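Colleague: To start, I am sharing the structure in question, which I have written as structure tokens.
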Amino acid sequence: MPFYYDTIYWILLIPVLILSVYAQIKVSSSFGRYSRDRNHRGVTGAQAAYEVLRVHGVHDVAIRPCRGKLTDHYDPRDNTIYLSEPVYNAATVAAVGVAAHEAGHAVQYAMGYGPVRIRSAIIPVTQFGSQFAFVALMLGMVMYSQPLFLIGIALFSLTTLFQLVTLPVEFDASARALGTIDGTQLLDEDERKGARKVLTAAALTYVAALLMSLLQLLRYLLIFAGRNDRGRR
């Protein structure tokens, strides 16, 4: 890249890297902090997930434990919420927040929430793009083929699009979770603040991932523009 393009990239990269590291630290510290606080009602993660489903009228979703830490997720393929060991049977503030969030995803699928339908629809092309984008970019660089490099950029942009669509999906799942926690009094007022901190920290990781993907896309575009500039000289 020309010097000024390189400078733009590094100026933007430093704060994004700082945000990414901060987000990961914040998730681990918030989850660890509120995993030590047992909630006053003794509600486990599995019970919290069930309550979110019940409130939204969703009754056909399974809730099962899975191994690991922070491996909680909803799998639409088998319509199952998988909760990690520190969440499934744990009656902590963090467990309730995380489990309710995953149940929020199940509710999204049950209700046909727009952004989650879009995300599901683009998963196949996103997987294809992530597999072949780097190959096309590298071949375009080595062969000095601008059309091939541009194809690589287009394929990589699918990953960025997926990250972009993921943001409203994650924010909405947290909103549904916190709304149910507030409405059903699953947690006390102070405990709800803790659950909100855990989910906010998790959301920040998705923001950081999107910014990093956008920045990488910008880098490829700047390389493409720089090569065009040299080609015209």
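By order of appearance in the structure tokens: chains A, B, ..., then residues from 1 within every chain, and ligands from 1 in the order shown.
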Quick one: residues within 9 Å of Ile181 (chain A), only C-alpha atoms counted, chain neighbours fewer than 5 positions away excluded, as a ChimeraX atom specification?
Modeller: /A:48,51-52,96-97,100,176,186-187,192
Colleague: Do you know which residues are at most 12 Å from Pro147 (chain A) counting only C-alpha atoms, after dropping those on the same chain fewer than 3 positions away, and could you put them as an mmCIF file with all heavy atoms, in the first residue's frame?
Modeller:
```
data_model
loop_
_atom_site.group_PDB
_atom_site.id
_atom_site.type_symbol
_atom_site.label_atom_id
_atom_site.label_comp_id
_atom_site.auth_asym_id
_atom_site.auth_seq_id
_atom_site.Cartn_x
_atom_site.Cartn_y
_atom_site.Cartn_z
ATOM 1 N N ALA A 136 -8.684 -16.061 -3.212
ATOM 2 C CA ALA A 136 -8.812 -15.111 -4.319
ATOM 3 C C ALA A 136 -7.935 -13.878 -4.092
ATOM 4 O O ALA A 136 -7.303 -13.370 -5.033
ATOM 5 C CB ALA A 136 -10.273 -14.698 -4.485
ATOM 6 N N LEU A 137 -7.875 -13.418 -2.858
ATOM 7 C CA LEU A 137 -7.058 -12.246 -2.548
ATOM 8 C C LEU A 137 -5.576 -12.538 -2.765
ATOM 9 O O LEU A 137 -4.841 -11.724 -3.345
ATOM 10 C CB LEU A 137 -7.306 -11.803 -1.100
ATOM 11 C CG LEU A 137 -8.664 -11.142 -0.833
ATOM 12 C CD1 LEU A 137 -8.928 -11.067 0.658
ATOM 13 C CD2 LEU A 137 -8.719 -9.753 -1.457
ATOM 14 N N LEU A 139 -4.209 -14.940 -4.644
ATOM 15 C CA LEU A 139 -3.944 -15.141 -6.070
ATOM 16 C C LEU A 139 -3.938 -13.812 -6.816
ATOM 17 O O LEU A 139 -3.124 -13.590 -7.721
ATOM 18 C CB LEU A 139 -4.992 -16.084 -6.672
ATOM 19 C CG LEU A 139 -4.879 -17.558 -6.286
ATOM 20 C CD1 LEU A 139 -6.031 -18.350 -6.883
ATOM 21 C CD2 LEU A 139 -3.537 -18.138 -6.731
ATOM 22 N N GLY A 140 -4.848 -12.934 -6.430
ATOM 23 C CA GLY A 140 -4.885 -11.621 -7.051
ATOM 24 C C GLY A 140 -3.622 -10.827 -6.782
ATOM 25 O O GLY A 140 -3.121 -10.097 -7.649
ATOM 26 N N MET A 141 -3.079 -10.973 -5.558
ATOM 27 C CA MET A 141 -1.837 -10.286 -5.204
ATOM 28 C C MET A 141 -0.663 -10.864 -5.981
ATOM 29 O O MET A 141 0.127 -10.132 -6.580
ATOM 30 C CB MET A 141 -1.596 -10.421 -3.700
ATOM 31 C CG MET A 141 -2.544 -9.622 -2.831
ATOM 32 S SD MET A 141 -2.154 -7.858 -2.776
ATOM 33 C CE MET A 141 -0.690 -7.904 -1.733
ATOM 34 N N MET A 143 -0.587 -12.840 -8.684
ATOM 35 C CA MET A 143 -0.695 -12.751 -10.146
ATOM 36 C C MET A 143 -0.882 -11.315 -10.623
ATOM 37 O O MET A 143 -0.958 -11.059 -11.823
ATOM 38 C CB MET A 143 -1.870 -13.616 -10.617
ATOM 39 C CG MET A 143 -1.717 -15.093 -10.287
ATOM 40 S SD MET A 143 -3.237 -16.053 -10.623
ATOM 41 C CE MET A 143 -3.388 -15.792 -12.398
ATOM 42 N N TYR A 144 -0.977 -10.400 -9.671
ATOM 43 C CA TYR A 144 -1.243 -8.995 -9.962
ATOM 44 C C TYR A 144 -2.481 -8.852 -10.861
ATOM 45 O O TYR A 144 -2.488 -8.141 -11.870
ATOM 46 C CB TYR A 144 -0.043 -8.309 -10.624
ATOM 47 C CG TYR A 144 0.028 -6.843 -10.288
ATOM 48 C CD1 TYR A 144 0.648 -6.419 -9.119
ATOM 49 C CD2 TYR A 144 -0.551 -5.895 -11.119
ATOM 50 C CE1 TYR A 144 0.689 -5.072 -8.789
ATOM 51 C CE2 TYR A 144 -0.516 -4.547 -10.797
ATOM 52 C CZ TYR A 144 0.102 -4.148 -9.634
ATOM 53 O OH TYR A 144 0.136 -2.818 -9.302
ATOM 54 N N LEU A 150 -10.438 -8.182 -6.783
ATOM 55 C CA LEU A 150 -11.750 -7.590 -6.521
ATOM 56 C C LEU A 150 -12.770 -8.670 -6.151
ATOM 57 O O LEU A 150 -13.637 -8.451 -5.293
ATOM 58 C CB LEU A 150 -12.225 -6.811 -7.744
ATOM 59 C CG LEU A 150 -13.494 -5.965 -7.561
ATOM 60 C CD1 LEU A 150 -13.300 -4.937 -6.452
ATOM 61 C CD2 LEU A 150 -13.861 -5.281 -8.871
ATOM 62 N N ILE A 151 -12.670 -9.840 -6.763
ATOM 63 C CA ILE A 151 -13.542 -10.959 -6.398
ATOM 64 C C ILE A 151 -13.292 -11.351 -4.945
ATOM 65 O O ILE A 151 -14.225 -11.620 -4.189
ATOM 66 C CB ILE A 151 -13.298 -12.162 -7.341
ATOM 67 C CG1 ILE A 151 -13.819 -11.856 -8.738
ATOM 68 C CG2 ILE A 151 -13.976 -13.420 -6.787
ATOM 69 C CD1 ILE A 151 -13.488 -12.917 -9.769
ATOM 70 N N GLY A 152 -12.021 -11.365 -4.552
ATOM 71 C CA GLY A 152 -11.690 -11.672 -3.164
ATOM 72 C C GLY A 152 -12.293 -10.661 -2.202
ATOM 73 O O GLY A 152 -12.799 -11.026 -1.143
ATOM 74 N N ILE A 153 -12.260 -9.393 -2.578
ATOM 75 C CA ILE A 153 -12.866 -8.351 -1.743
ATOM 76 C C ILE A 153 -14.370 -8.578 -1.612
ATOM 77 O O ILE A 153 -14.943 -8.466 -0.517
ATOM 78 C CB ILE A 153 -12.582 -6.957 -2.331
ATOM 79 C CG1 ILE A 153 -11.084 -6.630 -2.243
ATOM 80 C CG2 ILE A 153 -13.400 -5.889 -1.608
ATOM 81 C CD1 ILE A 153 -10.708 -5.327 -2.905
ATOM 82 N N ALA A 154 -15.004 -8.894 -2.729
ATOM 83 C CA ALA A 154 -16.450 -9.131 -2.719
ATOM 84 C C ALA A 154 -16.797 -10.322 -1.820
ATOM 85 O O ALA A 154 -17.769 -10.281 -1.058
ATOM 86 C CB ALA A 154 -16.957 -9.365 -4.130
ATOM 87 N N PHE A 224 -6.415 -2.239 -3.182
ATOM 88 C CA PHE A 224 -6.948 -2.244 -4.541
ATOM 89 C C PHE A 224 -6.790 -0.870 -5.183
ATOM 90 O O PHE A 224 -6.351 -0.747 -6.334
ATOM 91 C CB PHE A 224 -8.417 -2.654 -4.512
ATOM 92 C CG PHE A 224 -9.057 -2.735 -5.858
ATOM 93 C CD1 PHE A 224 -8.889 -3.862 -6.657
ATOM 94 C CD2 PHE A 224 -9.845 -1.692 -6.343
ATOM 95 C CE1 PHE A 224 -9.476 -3.940 -7.915
ATOM 96 C CE2 PHE A 224 -10.436 -1.764 -7.588
ATOM 97 C CZ PHE A 224 -10.256 -2.891 -8.376
ATOM 98 N N ARG A 227 -3.088 -0.124 -5.967
ATOM 99 C CA ARG A 227 -2.621 -0.839 -7.159
ATOM 100 C C ARG A 227 -3.148 -0.175 -8.428
ATOM 101 O O ARG A 227 -2.456 -0.127 -9.459
ATOM 102 C CB ARG A 227 -3.057 -2.308 -7.088
ATOM 103 C CG ARG A 227 -2.241 -3.109 -6.073
ATOM 104 C CD ARG A 227 -3.008 -4.337 -5.609
ATOM 105 N NE ARG A 227 -3.310 -5.260 -6.688
ATOM 106 C CZ ARG A 227 -2.633 -6.391 -6.919
ATOM 107 N NH1 ARG A 227 -1.615 -6.716 -6.145
ATOM 108 N NH2 ARG A 227 -2.973 -7.195 -7.898
ATOM 109 N N ASN A 228 -4.368 0.338 -8.363
ATOM 110 C CA ASN A 228 -4.906 1.069 -9.518
ATOM 111 C C ASN A 228 -4.126 2.343 -9.786
ATOM 112 O O ASN A 228 -3.874 2.699 -10.939
ATOM 113 C CB ASN A 228 -6.387 1.413 -9.280
ATOM 114 C CG ASN A 228 -7.305 0.280 -9.686
ATOM 115 O OD1 ASN A 228 -6.909 -0.647 -10.381
ATOM 116 N ND2 ASN A 228 -8.546 0.347 -9.240
#
```
Colleague: Counting only C-alpha atoms, which residue out of A:Gln185, A:Gln108, A:Gln146, A:Gln163 sits closest to Tyr74 (chain A)?
Modeller: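 When distances to Tyr74 (chain A) are compared using only C-alpha atoms, the smallest one comes from A:Gln108.
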Colleague: Measuring between only C-alpha atoms, which one of A:Leu158, A:Lys197, A:Arg33, A:Ala208 shows the shortest distance to Val16 (chain A)?
Modeller: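 Ranking A:Leu158, A:Lys197, A:Arg33, A:Ala208 by distance to Val16 (chain A), first place goes to A:Ala208.
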Colleague: Which of these residues is nearest to Met212 (chain A), using only C-alpha atoms: A:Leu17, A:Ile8, A:Asp60, A:Gly32?
Modeller: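 Looking only at the distances to Met212 (chain A), the closest residue turns out to be A:Leu17.
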Colleague: Excluding same-chain residues fewer than 6 positions from region 109-119 of chain A, what lies within 12 Å of it counting only C-alpha atoms, as a PyMOL selection string?
Modeller: chain A and resi 53+56-61+74-81+102-103+125-127+158-173+176
Colleague: Could you check which of A:Arg64, A:His101, A:His73, A:Arg196 is closest to Ser30 (chain A), using only C-alpha atoms?
Modeller: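 Nearest candidate to Ser30 (chain A) out of A:Arg64, A:His101, A:His73, A:Arg196: A:Arg196.
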Colleague: As a PDB file with C-alpha atoms, in the first residue's frame, please: all residues of region 24-186 of chain A that backbone DSSP puts in strand (DSSP E).
Modeller:
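Heads up, here's the output in out-v6.pdb:
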```pdb
ATOM      1  CA  ALA A  62     -35.327 -28.108  24.317  1.00  0.00           C
ATOM      2  CA  ILE A  63     -32.857 -26.882  26.951  1.00  0.00           C
ATOM      3  CA  ARG A  64     -29.760 -29.014  27.430  1.00  0.00           C
ATOM      4  CA  PRO A  65     -26.350 -28.688  29.116  1.00  0.00           C
ATOM      5  CA  CYS A  66     -23.105 -28.566  27.148  1.00  0.00           C
ATOM      6  CA  HIS A  73     -25.797 -20.989  22.252  1.00  0.00           C
ATOM      7  CA  TYR A  74     -29.099 -21.691  20.559  1.00  0.00           C
ATOM      8  CA  ASP A  75     -28.965 -24.147  17.656  1.00  0.00           C
ATOM      9  CA  THR A  80     -32.250 -26.556  21.271  1.00  0.00           C
ATOM     10  CA  ILE A  81     -30.741 -24.118  23.747  1.00  0.00           C
ATOM     11  CA  TYR A  82     -27.354 -25.372  24.929  1.00  0.00           C
ATOM     12  CA  LEU A  83     -26.154 -23.967  28.241  1.00  0.00           C
ATOM     13  CA  SER A  84     -22.609 -24.382  29.537  1.00  0.00           C
TER      14      SER A  84
END
```
Colleague: List the neighbours of His40 (chain A) out to 9 Å using only C-alpha atoms; skip same-chain residues closer than 6 positions along the sequence, and give me the result as a PyMOL selection string.
Modeller: chain A and resi 91-92+187-188+191
